[in-house]
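Q: My structure file upload.txt, compact mmCIF, C-alpha atoms, is below:
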```txt
# COMPACT_ATOMS: atom_id res chain seq x y z
CA MET K 1 0.00 0.00 0.00
CA GLU K 2 1.42 3.31 -1.08
CA VAL K 3 1.98 5.99 1.53
CA PRO K 4 0.42 9.36 0.72
CA ILE K 5 2.69 12.39 1.08
CA LEU K 6 0.89 15.60 1.98
CA LYS K 7 2.26 19.12 1.85
CA GLN K 8 1.35 21.33 4.78
CA GLY K 9 3.10 24.69 4.58
CA GLY K 10 6.83 24.09 4.66
CA VAL K 11 6.43 20.56 5.95
CA LEU K 12 5.81 17.28 4.14
CA ILE K 13 3.74 14.75 6.08
CA ALA K 14 3.79 11.05 5.22
CA THR K 15 1.28 9.02 7.22
CA VAL K 16 1.71 5.27 7.17
CA GLN K 17 -1.76 3.74 7.24
CA ALA K 18 -1.10 0.01 7.20
CA ALA K 19 1.71 -2.50 7.39
CA LEU K 20 4.26 -1.76 4.67
CA SER K 21 6.11 -4.13 2.38
CA ASP K 22 9.78 -3.55 1.66
CA ALA K 23 8.85 -2.22 -1.77
CA ASP K 24 6.43 0.30 -0.23
CA LEU K 25 9.16 1.51 2.10
CA SER K 26 11.63 1.97 -0.74
CA GLN K 27 8.99 3.85 -2.68
CA LEU K 28 8.29 6.08 0.34
CA ARG K 29 11.99 6.83 0.58
CA SER K 30 12.40 7.88 -3.05
CA GLY K 31 9.12 9.79 -2.99
CA LEU K 32 10.08 11.86 0.04
CA VAL K 33 13.59 12.55 -1.15
CA GLN K 34 12.31 13.80 -4.52
CA GLN K 35 9.43 15.87 -3.20
CA VAL K 36 11.33 17.59 -0.43
CA VAL K 37 13.31 19.54 -3.01
CA ARG K 38 10.45 19.90 -5.42
CA TRP K 39 8.28 21.66 -2.82
CA ARG K 40 11.25 23.35 -1.16
CA SER K 41 10.11 21.87 2.16
CA ARG K 42 12.17 22.45 5.28
CA GLY K 43 10.78 19.62 7.31
CA VAL K 44 9.46 16.08 6.88
CA ILE K 45 7.28 14.14 9.30
CA VAL K 46 6.81 10.40 8.97
CA ASP K 47 3.88 9.22 11.10
CA VAL K 48 4.14 5.54 11.99
CA THR K 49 1.26 5.37 14.52
CA ALA K 50 -0.40 2.63 12.50
CA MET K 51 2.66 0.38 12.39
CA ASP K 52 2.50 -2.34 15.00
CA VAL K 53 5.63 -4.08 13.77
CA MET K 54 8.93 -2.47 12.90
CA ASP K 55 11.53 -4.83 11.48
CA SER K 56 15.15 -4.09 10.76
CA PHE K 57 14.50 -3.16 7.13
CA ALA K 58 11.80 -0.68 8.12
CA SER K 59 13.88 1.00 10.79
CA ARG K 60 16.95 1.11 8.54
CA THR K 61 14.87 2.70 5.79
CA LEU K 62 13.52 5.30 8.22
CA ARG K 63 17.06 6.11 9.25
CA GLU K 64 18.15 6.38 5.64
CA ILE K 65 15.22 8.67 4.88
CA ALA K 66 16.21 10.97 7.75
CA HIS K 67 19.85 11.10 6.72
CA MET K 68 19.13 11.58 3.00
CA ILE K 69 16.70 14.37 3.75
CA ARG K 70 19.26 16.08 5.91
CA LEU K 71 21.66 15.95 2.97
CA ARG K 72 18.89 17.51 0.87
CA GLY K 73 18.72 20.37 3.36
CA ALA K 74 15.68 19.56 5.50
CA GLU K 75 14.84 18.01 8.88
CA THR K 76 13.00 14.75 9.55
CA VAL K 77 10.96 13.68 12.57
CA ILE K 78 9.55 10.18 13.09
CA VAL K 79 6.36 10.38 15.12
CA GLY K 80 3.90 8.00 16.73
CA ILE K 81 6.02 4.96 17.53
CA GLN K 82 3.93 2.73 19.82
CA PRO K 83 5.35 1.90 23.27
CA GLU K 84 5.53 -1.84 22.59
CA VAL K 85 7.10 -1.24 19.19
CA ALA K 86 9.63 1.13 20.74
CA PHE K 87 10.77 -1.41 23.28
CA ALA K 88 10.90 -4.22 20.77
CA MET K 89 13.02 -2.03 18.48
CA VAL K 90 15.45 -1.19 21.26
CA GLN K 91 15.81 -4.85 22.17
CA LEU K 92 16.70 -5.61 18.56
CA GLY K 93 19.21 -2.77 18.65
CA LEU K 94 17.24 -0.63 16.20
CA THR K 95 17.51 2.68 18.02
CA LEU K 96 17.19 5.10 15.08
CA GLN K 97 20.45 6.73 16.06
CA GLY K 98 20.66 10.37 15.04
CA VAL K 99 17.01 10.61 14.03
CA ALA K 100 14.60 12.97 15.77
CA THR K 101 11.48 11.34 17.22
CA ALA K 102 8.31 12.77 18.74
CA LEU K 103 5.20 11.45 20.42
CA ASP K 104 2.67 12.34 17.72
CA LEU K 105 2.03 14.55 14.73
CA GLU K 106 1.37 17.63 16.85
CA GLU K 107 4.58 17.17 18.79
CA GLY K 108 6.48 16.66 15.58
CA LEU K 109 5.17 19.90 14.12
CA THR K 110 6.04 21.77 17.32
CA TYR K 111 9.54 20.33 17.19
CA LEU K 112 10.06 21.40 13.58
CA ASN K 113 8.64 24.88 14.15
CA GLN K 114 10.98 25.42 17.10
CA LYS K 115 13.86 24.25 14.96
CA PHE K 116 12.92 26.68 12.15
CA GLU K 117 12.59 29.59 14.58
CA ARG K 118 16.04 28.89 15.90
CA MET K 119 17.46 28.98 12.40
CA HIS K 120 16.09 32.49 11.79
CA MET Q 121 22.28 -69.41 74.90
CA ALA Q 122 23.89 -66.77 72.78
CA GLN Q 123 25.07 -69.46 70.45
CA VAL Q 124 21.54 -70.75 69.97
CA GLU Q 125 20.33 -67.27 69.17
CA GLN Q 126 23.10 -66.92 66.64
CA THR Q 127 22.12 -70.17 64.97
CA VAL Q 128 18.49 -69.13 64.83
CA LYS Q 129 19.55 -65.86 63.27
CA ASP Q 130 21.66 -67.68 60.70
CA MET Q 131 18.75 -69.88 59.83
CA LYS Q 132 16.57 -66.87 59.45
CA ASP Q 133 19.16 -65.26 57.18
CA THR Q 134 19.27 -68.34 54.97
CA GLY Q 135 15.51 -68.37 54.88
CA ALA Q 136 15.53 -64.75 53.93
CA ARG Q 137 17.37 -65.46 50.72
CA ASN Q 138 14.68 -67.95 49.78
CA ASN Q 139 11.72 -66.01 50.98
CA GLN Q 140 12.24 -62.32 51.23
CA THR Q 141 8.63 -61.41 51.88
CA MET Q 142 8.46 -63.56 54.95
CA GLU Q 143 11.71 -62.14 56.24
CA LEU Q 144 10.40 -58.62 55.77
CA THR Q 145 7.22 -59.33 57.69
CA THR Q 146 9.07 -60.98 60.54
CA ARG Q 147 11.53 -58.17 60.68
CA SER Q 148 8.83 -55.50 60.68
CA ASN Q 149 6.95 -57.45 63.34
CA VAL Q 150 10.04 -57.57 65.47
CA ALA Q 151 10.68 -53.90 64.77
CA SER Q 152 7.18 -52.84 65.72
CA GLU Q 153 7.44 -54.83 68.93
CA LEU Q 154 10.68 -53.09 69.74
CA LEU Q 155 9.12 -49.75 68.89
CA ARG Q 156 6.28 -50.48 71.28
CA GLU Q 157 8.76 -51.21 74.01
CA LEU Q 158 10.63 -48.06 73.15
CA VAL Q 159 7.49 -45.93 73.22
CA ALA Q 160 6.52 -47.38 76.58
CA HIS Q 161 9.95 -46.46 77.89
CA LEU Q 162 9.69 -42.91 76.58
CA ARG Q 163 6.20 -42.50 78.06
CA GLN Q 164 7.37 -43.76 81.41
CA ASN Q 165 10.29 -41.39 81.63
CA ARG Q 166 8.51 -38.49 80.00
CA THR Q 167 9.02 -35.95 82.80
CA GLN Q 168 12.67 -36.68 83.34
CA LEU Q 169 13.66 -36.86 79.67
CA ARG Q 170 11.78 -33.70 78.84
CA GLU Q 171 13.50 -31.87 81.71
CA GLU Q 172 16.84 -33.02 80.46
CA TRP Q 173 16.07 -31.95 76.92
CA VAL Q 174 15.01 -28.46 78.02
CA THR Q 175 18.18 -28.16 80.08
CA ARG Q 176 20.27 -29.15 77.08
CA ILE Q 177 18.43 -26.61 74.93
CA SER Q 178 19.21 -23.76 77.28
CA GLU Q 179 22.78 -25.00 77.76
CA THR Q 180 23.44 -24.86 74.02
CA ARG Q 181 21.78 -21.42 73.86
CA LEU Q 182 19.22 -22.39 71.28
CA LEU Q 183 15.88 -20.61 70.98
CA THR Q 184 17.17 -17.50 72.74
CA ALA Q 185 14.22 -15.58 71.30
CA MET Q 186 11.84 -17.52 73.54
CA THR Q 187 11.33 -17.49 77.31
CA LYS Q 188 12.03 -20.51 79.45
CA ASP Q 189 8.34 -21.20 80.06
CA GLU Q 190 7.60 -21.04 76.37
CA ILE Q 191 10.41 -23.42 75.58
CA PHE Q 192 9.09 -25.81 78.19
CA ALA Q 193 5.54 -25.67 76.83
CA GLU Q 194 6.72 -26.19 73.25
CA ALA Q 195 9.09 -28.92 74.36
CA THR Q 196 6.21 -30.80 75.96
CA SER Q 197 4.13 -30.72 72.80
CA VAL Q 198 7.10 -31.60 70.60
CA TYR Q 199 8.00 -34.49 72.90
CA ASP Q 200 4.47 -35.87 72.82
CA SER Q 201 4.09 -35.58 69.07
CA TYR Q 202 7.55 -37.09 68.72
CA VAL Q 203 6.60 -40.15 70.75
CA GLU Q 204 3.29 -40.37 68.93
CA ALA Q 205 5.04 -40.32 65.55
CA LEU Q 206 7.36 -43.08 66.76
CA GLU Q 207 4.41 -45.12 67.92
CA THR Q 208 2.07 -44.76 64.96
CA GLY Q 209 4.69 -44.40 62.24
CA THR Q 210 2.56 -41.69 60.66
CA PHE Q 211 4.02 -38.27 60.32
CA GLU Q 212 1.02 -36.18 59.28
CA ALA Q 213 0.22 -35.02 62.79
CA LEU Q 214 3.85 -34.17 63.45
CA GLN Q 215 4.09 -32.41 60.11
CA ALA Q 216 1.03 -30.31 60.90
CA TYR Q 217 2.42 -29.52 64.33
CA ALA Q 218 5.81 -28.56 62.86
CA ARG Q 219 4.14 -26.23 60.37
CA ASN Q 220 2.04 -24.69 63.09
CA LEU Q 221 5.08 -24.27 65.34
CA SER Q 222 7.07 -22.69 62.51
CA GLU Q 223 4.25 -20.27 61.83
CA ARG Q 224 4.40 -19.14 65.43
CA ILE Q 225 8.16 -18.92 65.87
CA ILE Q 226 9.36 -17.63 62.48
CA PRO Q 227 8.07 -14.10 63.12
CA ARG Q 228 10.07 -14.14 66.37
CA GLY Q 229 13.32 -14.66 64.51
CA VAL Q 230 13.97 -18.33 65.19
CA GLU Q 231 16.52 -19.65 62.74
CA THR Q 232 16.63 -22.92 60.82
CA HIS Q 233 19.72 -24.15 62.67
CA GLU Q 234 17.93 -23.73 66.00
CA VAL Q 235 14.95 -25.82 64.98
CA VAL Q 236 17.12 -28.54 63.49
CA GLY Q 237 19.35 -28.27 66.56
CA ILE Q 238 16.60 -28.88 69.12
CA VAL Q 239 15.17 -31.83 67.22
CA LEU Q 240 18.62 -33.40 66.99
CA LEU Q 241 19.12 -32.70 70.71
CA LEU Q 242 15.92 -34.55 71.54
CA ARG Q 243 17.08 -37.42 69.38
CA ASP Q 244 20.37 -37.53 71.26
CA VAL Q 245 18.75 -37.28 74.69
CA LEU Q 246 16.44 -40.18 73.89
CA ALA Q 247 19.28 -42.23 72.44
CA ARG Q 248 21.29 -41.66 75.60
CA SER Q 249 18.41 -42.85 77.76
CA LEU Q 250 18.25 -45.97 75.63
CA PHE Q 251 21.96 -46.56 76.15
CA ALA Q 252 21.46 -46.22 79.88
CA LYS Q 253 18.51 -48.57 79.95
CA TYR Q 254 20.02 -51.35 77.85
CA GLN Q 255 23.65 -51.02 78.80
CA THR Q 256 23.73 -54.58 80.07
CA ASP Q 257 22.20 -56.11 76.96
CA PHE Q 258 24.21 -54.95 74.02
CA LYS Q 259 22.35 -57.00 71.40
CA LYS Q 260 19.00 -55.71 72.50
CA LEU Q 261 20.32 -52.17 72.51
CA ASN Q 262 21.45 -52.66 68.94
CA ARG Q 263 18.07 -53.88 67.82
CA ILE Q 264 16.27 -51.13 69.70
CA LEU Q 265 18.52 -48.57 67.99
CA ASP Q 266 17.83 -50.24 64.64
CA ALA Q 267 14.18 -49.55 65.22
CA TYR Q 268 14.68 -46.14 66.74
CA GLU Q 269 17.20 -44.48 64.43
CA PRO Q 270 15.32 -44.55 61.09
CA ALA Q 271 12.17 -43.29 62.76
CA ALA Q 272 14.03 -40.59 64.66
CA ASN Q 273 15.87 -39.46 61.55
CA ARG Q 274 12.66 -39.29 59.64
CA ILE Q 275 11.10 -37.21 62.40
CA ALA Q 276 14.05 -34.79 62.36
CA ASN Q 277 13.72 -34.60 58.60
CA THR Q 278 10.00 -33.94 58.75
CA VAL Q 279 10.35 -31.13 61.27
CA ALA Q 280 13.24 -29.48 59.41
CA VAL Q 281 11.48 -29.69 56.06
CA GLY Q 282 8.28 -28.36 57.59
CA PHE Q 283 10.15 -25.40 59.03
CA VAL Q 284 11.97 -24.60 55.80
CA GLN Q 285 8.78 -24.92 53.78
CA GLU Q 286 7.02 -22.51 56.09
CA ARG Q 287 9.91 -20.09 55.81
CA GLU Q 288 9.87 -20.29 52.04
CA ARG Q 289 6.15 -19.68 52.05
CA VAL Q 290 6.68 -16.53 54.13
CA ILE Q 291 9.43 -15.37 51.78
CA ARG Q 292 7.28 -15.98 48.70
CA GLN Q 293 4.44 -14.06 50.28
CA GLN Q 294 6.73 -11.13 51.04
CA GLN Q 295 8.10 -11.15 47.51
CA GLU Q 296 4.61 -10.94 46.11
CA ALA Q 297 3.76 -8.10 48.46
CA ILE Q 298 6.83 -6.19 47.33
CA ARG Q 299 6.04 -6.77 43.68
CA GLU Q 300 2.55 -5.45 44.20
CA LEU Q 301 3.89 -2.18 45.54
CA SER Q 302 3.85 -0.84 42.05
CA THR Q 303 6.27 1.86 41.12
CA PRO Q 304 4.32 5.04 40.47
CA VAL Q 305 4.81 7.20 37.40
CA LEU Q 306 4.08 10.71 38.64
CA GLN Q 307 3.46 13.89 36.74
CA VAL Q 308 5.03 16.83 38.57
CA ARG Q 309 4.58 19.47 35.87
CA GLU Q 310 2.86 19.65 32.52
CA ARG Q 311 4.78 17.15 30.34
CA LEU Q 312 7.25 16.19 33.08
CA LEU Q 313 7.11 12.76 34.71
CA ILE Q 314 9.15 11.38 37.55
CA LEU Q 315 9.67 7.69 38.19
CA PRO Q 316 11.19 7.05 41.60
CA ILE Q 317 12.55 3.52 41.85
CA ILE Q 318 13.19 2.04 45.29
CA GLY Q 319 14.51 -1.38 46.18
CA VAL Q 320 15.91 -4.28 44.29
CA ILE Q 321 15.13 -4.52 40.60
CA ASP Q 322 14.91 -8.00 39.17
CA PRO Q 323 14.33 -8.59 35.47
CA GLN Q 324 10.60 -9.05 35.99
CA ARG Q 325 10.21 -5.79 37.86
CA ALA Q 326 12.38 -4.03 35.29
CA ARG Q 327 10.05 -5.16 32.53
CA GLN Q 328 7.05 -3.96 34.49
CA LEU Q 329 8.70 -0.58 35.09
CA THR Q 330 9.46 -0.09 31.41
CA GLU Q 331 5.93 -0.94 30.44
CA GLN Q 332 4.47 1.49 32.95
CA LEU Q 333 6.84 4.25 31.96
CA LEU Q 334 6.25 3.96 28.22
CA ARG Q 335 2.51 3.89 28.76
CA GLY Q 336 2.81 6.85 31.12
CA ILE Q 337 4.71 8.85 28.51
CA ARG Q 338 1.93 8.25 26.02
CA THR Q 339 -1.01 9.01 28.27
CA ASN Q 340 0.56 12.09 29.88
CA ARG Q 341 2.15 13.29 26.64
CA ALA Q 342 5.40 13.68 28.51
CA LYS Q 343 8.43 15.32 26.96
CA VAL Q 344 10.84 14.78 29.82
CA VAL Q 345 11.08 11.91 32.29
CA VAL Q 346 13.26 11.87 35.38
CA ILE Q 347 14.08 8.36 36.57
CA ASP Q 348 15.40 8.52 40.11
CA ILE Q 349 17.32 5.48 41.26
CA THR Q 350 18.66 6.85 44.54
CA GLY Q 351 16.83 4.03 46.30
CA VAL Q 352 18.48 1.31 44.24
CA ALA Q 353 21.68 0.09 45.86
CA ALA Q 354 22.97 -2.03 43.01
CA MET Q 355 21.85 -3.66 39.80
CA ASP Q 356 23.30 -6.43 37.71
CA ALA Q 357 24.35 -6.09 34.09
CA THR Q 358 21.05 -7.44 32.74
CA VAL Q 359 18.97 -4.89 34.60
CA ALA Q 360 21.42 -2.08 33.80
CA ASN Q 361 21.09 -2.98 30.13
CA HIS Q 362 17.35 -2.94 30.52
CA LEU Q 363 17.54 0.56 31.98
CA VAL Q 364 19.54 1.75 28.99
CA GLN Q 365 16.98 0.16 26.68
CA THR Q 366 14.19 1.91 28.54
CA VAL Q 367 15.95 5.23 28.02
CA GLU Q 368 16.29 4.54 24.31
CA ALA Q 369 12.69 3.36 23.93
CA SER Q 370 11.49 6.53 25.68
CA ARG Q 371 13.47 8.57 23.19
CA LEU Q 372 11.72 6.78 20.34
CA LEU Q 373 8.47 8.03 21.86
CA GLY Q 374 9.91 11.52 21.76
CA ALA Q 375 10.66 11.88 25.47
CA ASN Q 376 13.95 12.89 27.01
CA VAL Q 377 15.06 10.78 29.94
CA ILE Q 378 17.20 12.07 32.78
CA VAL Q 379 18.54 9.45 35.18
CA THR Q 380 19.38 10.73 38.65
CA GLY Q 381 20.92 9.38 41.82
CA LEU Q 382 23.23 6.74 40.40
CA SER Q 383 25.15 5.05 43.19
CA PRO Q 384 28.89 4.46 42.68
CA GLU Q 385 28.19 0.72 42.27
CA ILE Q 386 25.64 1.28 39.54
CA ALA Q 387 27.94 3.76 37.81
CA GLN Q 388 30.60 1.06 37.89
CA THR Q 389 28.19 -1.50 36.42
CA LEU Q 390 27.18 0.87 33.62
CA VAL Q 391 30.80 1.58 32.76
CA THR Q 392 31.67 -2.11 32.90
CA ILE Q 393 28.95 -3.12 30.47
CA GLY Q 394 30.21 -0.33 28.26
CA ILE Q 395 27.08 1.69 27.59
CA ASP Q 396 27.23 4.67 25.27
CA LEU Q 397 27.13 7.61 27.69
CA GLY Q 398 26.01 9.86 24.83
CA LYS Q 399 22.61 8.19 25.01
CA MET Q 400 22.20 8.63 28.74
CA ASN Q 401 21.55 11.94 30.38
CA THR Q 402 22.51 11.61 34.03
CA VAL Q 403 22.40 14.12 36.86
CA GLY Q 404 23.66 13.68 40.41
CA ASP Q 405 20.47 13.99 42.42
CA LEU Q 406 16.72 14.27 41.95
CA GLN Q 407 16.72 18.03 42.55
CA GLY Q 408 19.30 18.57 39.84
CA GLY Q 409 17.35 16.29 37.53
CA ILE Q 410 14.10 18.19 38.01
CA GLU Q 411 15.90 21.51 37.51
CA GLN Q 412 17.39 20.32 34.26
CA ALA Q 413 14.03 18.94 33.15
CA GLU Q 414 12.44 22.34 33.82
CA ARG Q 415 15.13 24.01 31.73
CA LEU Q 416 14.46 21.57 28.89
CA LEU Q 417 10.75 22.35 29.08
CA GLY Q 418 11.38 26.08 29.23
CA TYR Q 419 10.21 26.58 32.81
CA LYS Q 420 11.88 29.16 34.96
CA VAL Q 421 11.47 28.99 38.71
CA ALA Q 422 11.73 32.33 40.48
CA THR Q 423 11.30 33.35 44.08
CA LEU Q 424 8.47 35.87 44.40
CA ALA Q 425 9.29 37.05 47.88
CA GLU Q 426 11.75 36.37 50.63
CA PRO Q 427 10.55 33.43 52.71
CA SER Q 428 9.15 34.68 55.98
```
Would you mind writing the file out in structure tokens?

A:
Amino acid sequence: MEVPILKQGGVLIATVQAALSDADLSQLRSGLVQQVVRWRSRGVIVDVTAMDVMDSFASRTLREIAHMIRLRGAETVIVGIQPEVAFAMVQLGLTLQGVATALDLEEGLTYLNQKFERMH
Amino acid sequence: MAQVEQTVKDMKDTGARNNQTMELTTRSNVASELLRELVAHLRQNRTQLREEWVTRISETRLLTAMTKDEIFAEATSVYDSYVEALETGTFEALQAYARNLSERIIPRGVETHEVVGIVLLLRDVLARSLFAKYQTDFKKLNRILDAYEPAANRIANTVAVGFVQERERVIRQQQEAIRELSTPVLQVRERLLILPIIGVIDPQRARQLTEQLLRGIRTNRAKVVVIDITGVAAMDATVANHLVQTVEASRLLGANVIVTGLSPEIAQTLVTIGIDLGKMNTVGDLQGGIEQAERLLGYKVATLAEPS
């Protein structure tokens, strides 16, 4: 299932709505990396509230997305990781090192806005 | 005379090889007869033997937690159930009594070695009285002891096991009680939680803590969590690892974790297991932790007036 990418002001929001296959994840990655420059976005939020499993491929892809988007000149926040998923990820050693995380979409937006204010 | 007895015994032994069942019945008949004689002897000399036992107990300084009268009262009941167990060969009554006794004396700080000690003392006192009674008839003494020793050992065993079982039951009960004292996740300011941990953390409790904390972060929409482990004296590598994982999982939920009050031992453990200190935000004490949390959240605490 493809992940829709919405533009909201200077921020791109990708909301995962169901379990994703590896192909979907790769598609999400290329989609975000292309659109972030196309729309001149300064921030990207990936909402994973609906994901109740996060395997190593998924978390590696999320990390790659965050790092690639930083190289493209924007910031990424992963939001909505479920408590059980978070602990399972940590036990597997998938800690999303160097990637910003927030509780939910609202928190993610607040985080990005604070970051933008600081840059000005 | 002795020679005749010997011959009879030899014959019996030969017979035994041919017919073991019969030998067993004869032997148990003989044994029960001897036991009856033994029980009669113990009943007859009850007062004197009991006195002697109590004296030996106080001489060896066992049961110091109890008064002399109490020891005497307990000794009487133990003596009677002891003789009864010898007589009937059933240990249920003794077992029940031992459990009941343990229930009463464990809260008073009576130790396992004391209970085992007094039962062994009684065994010795009774054995001595048997020596004295049958000192002229060595063969009979031997047979009496053959009957007495297994039963006495089994009694000692029963009492000791009963005591230890009772103790373990008390310990299990206490463990459950401690586990039920759940660790609270408290909100002290908007978006700031504190999690004070007190006592020993075993892997099970650690798991429970993590679960509660992660759920607390979600329901309270916390941004900063202060985990205070001043009340934790030490933790092993597994639990320390678990703590680090909890910190990382909280970060995945978007919350910052500050750990406060690490004891030198825990600091040592964390360094030994080689955790990445970049991931862990630690502050010396709870006050410092809360102050830093307030800074992170943008709070500023100011005194409005001089305290009166």

Q: Taking into account only C-alpha atoms, which residue in the set K:Leu105, K:Gln91, K:Gly31, K:Pro83 is nearest to Leu372 in chain Q?

A: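 Closest to Leu372 in chain Q of all the choices is K:Pro83.
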
Q: Show me, as a Markdown table, the residues of chain K having an atom within 9 Å of chain Q, each with the closest atom pair and its distance in Å, using only C-alpha atoms.

A:
```
| residue | atom | partner | partner_atom | distance |
| --- | --- | --- | --- | --- |
| K:Ile78 | CA | Q:Leu372 | CA | 8.3 |
| K:Val79 | CA | Q:Leu373 | CA | 7.4 |
| K:Gly80 | CA | Q:Leu373 | CA | 6.9 |
| K:Ile81 | CA | Q:Leu373 | CA | 5.8 |
| K:Gln82 | CA | Q:Leu373 | CA | 7.3 |
| K:Pro83 | CA | Q:Leu334 | CA | 5.4 |
| K:Glu84 | CA | Q:Glu331 | CA | 7.9 |
| K:Val85 | CA | Q:Ala369 | CA | 8.7 |
| K:Ala86 | CA | Q:Ala369 | CA | 5.0 |
| K:Phe87 | CA | Q:Ala369 | CA | 5.2 |
| K:Ala88 | CA | Q:Ala369 | CA | 8.4 |
| K:Met89 | CA | Q:Ala369 | CA | 7.7 |
| K:Val90 | CA | Q:Gln365 | CA | 5.8 |
| K:Gln91 | CA | Q:Gln365 | CA | 6.8 |
| K:Gly93 | CA | Q:Gln365 | CA | 8.8 |
| K:Thr95 | CA | Q:Glu368 | CA | 6.7 |
| K:Leu96 | CA | Q:Leu372 | CA | 7.8 |
| K:Ala100 | CA | Q:Gly374 | CA | 7.7 |
| K:Thr101 | CA | Q:Gly374 | CA | 4.8 |
| K:Ala102 | CA | Q:Gly374 | CA | 3.6 |
| K:Leu103 | CA | Q:Gly374 | CA | 4.9 |
| K:Asp104 | CA | Q:Leu373 | CA | 8.3 |
| K:Glu107 | CA | Q:Gly374 | CA | 8.3 |
| K:Gly108 | CA | Q:Gly374 | CA | 8.7 |
```

Q: In Å, with one decimal, what is the gap from CA of Leu62 in chain K to CA of Ala50 in chain K?

A: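 It comes out at 14.8 Å.
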
Q: Quote the spacing between CA of Glu426 in chain Q and CA of Ile410 in chain Q in Å to one decimal place.

A: 22.3 Å

Q: Would you kindly identify which residues have an atom no farther than 12 Å from (5.4, -7.8, 45.4), using only C-alpha atoms and the file's own coordinates, and write them out as a PyMOL selection string?

A: chain Q and resi 291-303+319-322+324-325+328

Q: Taking all atoms listed in the file into account, name the residue in Q:Ala326, Q:Val403, Q:Val379, Q:Ile386 that is nearest to Ala354 in chain Q.

A: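 Distance minimum relative to Ala354 in chain Q lands on Q:Ile386.
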
Q: Between CA of Val284 in chain Q and CA of Glu231 in chain Q, what distance in Å does the model show, to one decimal?

A: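 Result for CA of Val284 in chain Q versus CA of Glu231 in chain Q: 9.7 Å, one decimal.
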
Q: From the options Q:Thr380, Q:Thr187, Q:Thr208, Q:Gln388, which residue's atoms come nearest to Thr402 in chain Q, counting all atoms listed in the file?

A: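 With all atoms listed in the file as the atom set, the closest residue is Q:Thr380.
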
Q: Centre and edge lengths of an axis-aligned box around all listed atoms of range 251-261 of chain Q, with 4 Å added on each side, are to be given in Å to one decimal, as JSON.

A:
```
{"center_x": 21.4, "center_y": -51.6, "center_z": 75.7, "size_x": 13.7, "size_y": 18.8, "size_z": 16.7}
```

Q: Could you tell me which of K:Ala74, K:Ser30, K:Thr15, K:Met119 comes closest to Asp47 in chain K if we count all atoms listed in the file?

A: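 Smallest separation from Asp47 in chain K among the options: K:Thr15.
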
Q: Skip Glu385 in chain Q itself and residues of its chain fewer than 3 positions away, then list as an MDAnalysis selection string all residues within 12 Å of it, counting all atoms listed in the file.

A: chainID Q and resid 349:350 352:357 360 381:382 388:392

Q: Counting all atoms listed in the file, which of Q:Ala185, Q:Val346, Q:Ala205, Q:Leu363 gets nearest to Pro323 in chain Q?

A: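 Smallest separation from Pro323 in chain Q among the options: Q:Leu363.
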
Q: Got a minute to add N, CA and C atoms to range 12-23 of chain K and dump it as a short mmCIF file (atom, residue, chain, number, x, y, z; two decimals), keeping the file's coordinate frame?

A:
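Output saved as part22.cif:
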```
data_model
loop_
_atom_site.label_atom_id
_atom_site.label_comp_id
_atom_site.auth_asym_id
_atom_site.auth_seq_id
_atom_site.Cartn_x
_atom_site.Cartn_y
_atom_site.Cartn_z
N LEU K 12 6.43 18.41 4.81
CA LEU K 12 5.81 17.28 4.14
C LEU K 12 5.40 16.26 5.21
N ILE K 13 4.20 15.73 5.09
CA ILE K 13 3.74 14.75 6.08
C ILE K 13 3.40 13.44 5.37
N ALA K 14 4.08 12.37 5.78
CA ALA K 14 3.79 11.05 5.22
C ALA K 14 3.18 10.21 6.34
N THR K 15 1.93 9.80 6.18
CA THR K 15 1.28 9.02 7.22
C THR K 15 1.14 7.57 6.77
N VAL K 16 1.81 6.70 7.49
CA VAL K 16 1.71 5.27 7.17
C VAL K 16 0.36 4.78 7.68
N GLN K 17 -0.41 4.11 6.82
CA GLN K 17 -1.76 3.74 7.24
C GLN K 17 -1.95 2.25 7.43
N ALA K 18 -0.98 1.46 7.03
CA ALA K 18 -1.10 0.01 7.20
C ALA K 18 0.32 -0.56 7.20
N ALA K 19 0.40 -1.86 7.44
CA ALA K 19 1.71 -2.50 7.39
C ALA K 19 2.31 -2.30 6.00
N LEU K 20 3.61 -2.06 5.95
CA LEU K 20 4.26 -1.76 4.67
C LEU K 20 5.15 -2.90 4.23
N SER K 21 5.15 -3.16 2.92
CA SER K 21 6.11 -4.13 2.38
C SER K 21 7.43 -3.39 2.15
N ASP K 22 8.47 -4.17 1.90
CA ASP K 22 9.78 -3.55 1.66
C ASP K 22 9.72 -2.62 0.45
N ALA K 23 8.96 -3.05 -0.56
CA ALA K 23 8.85 -2.22 -1.77
C ALA K 23 8.18 -0.89 -1.45
#
```
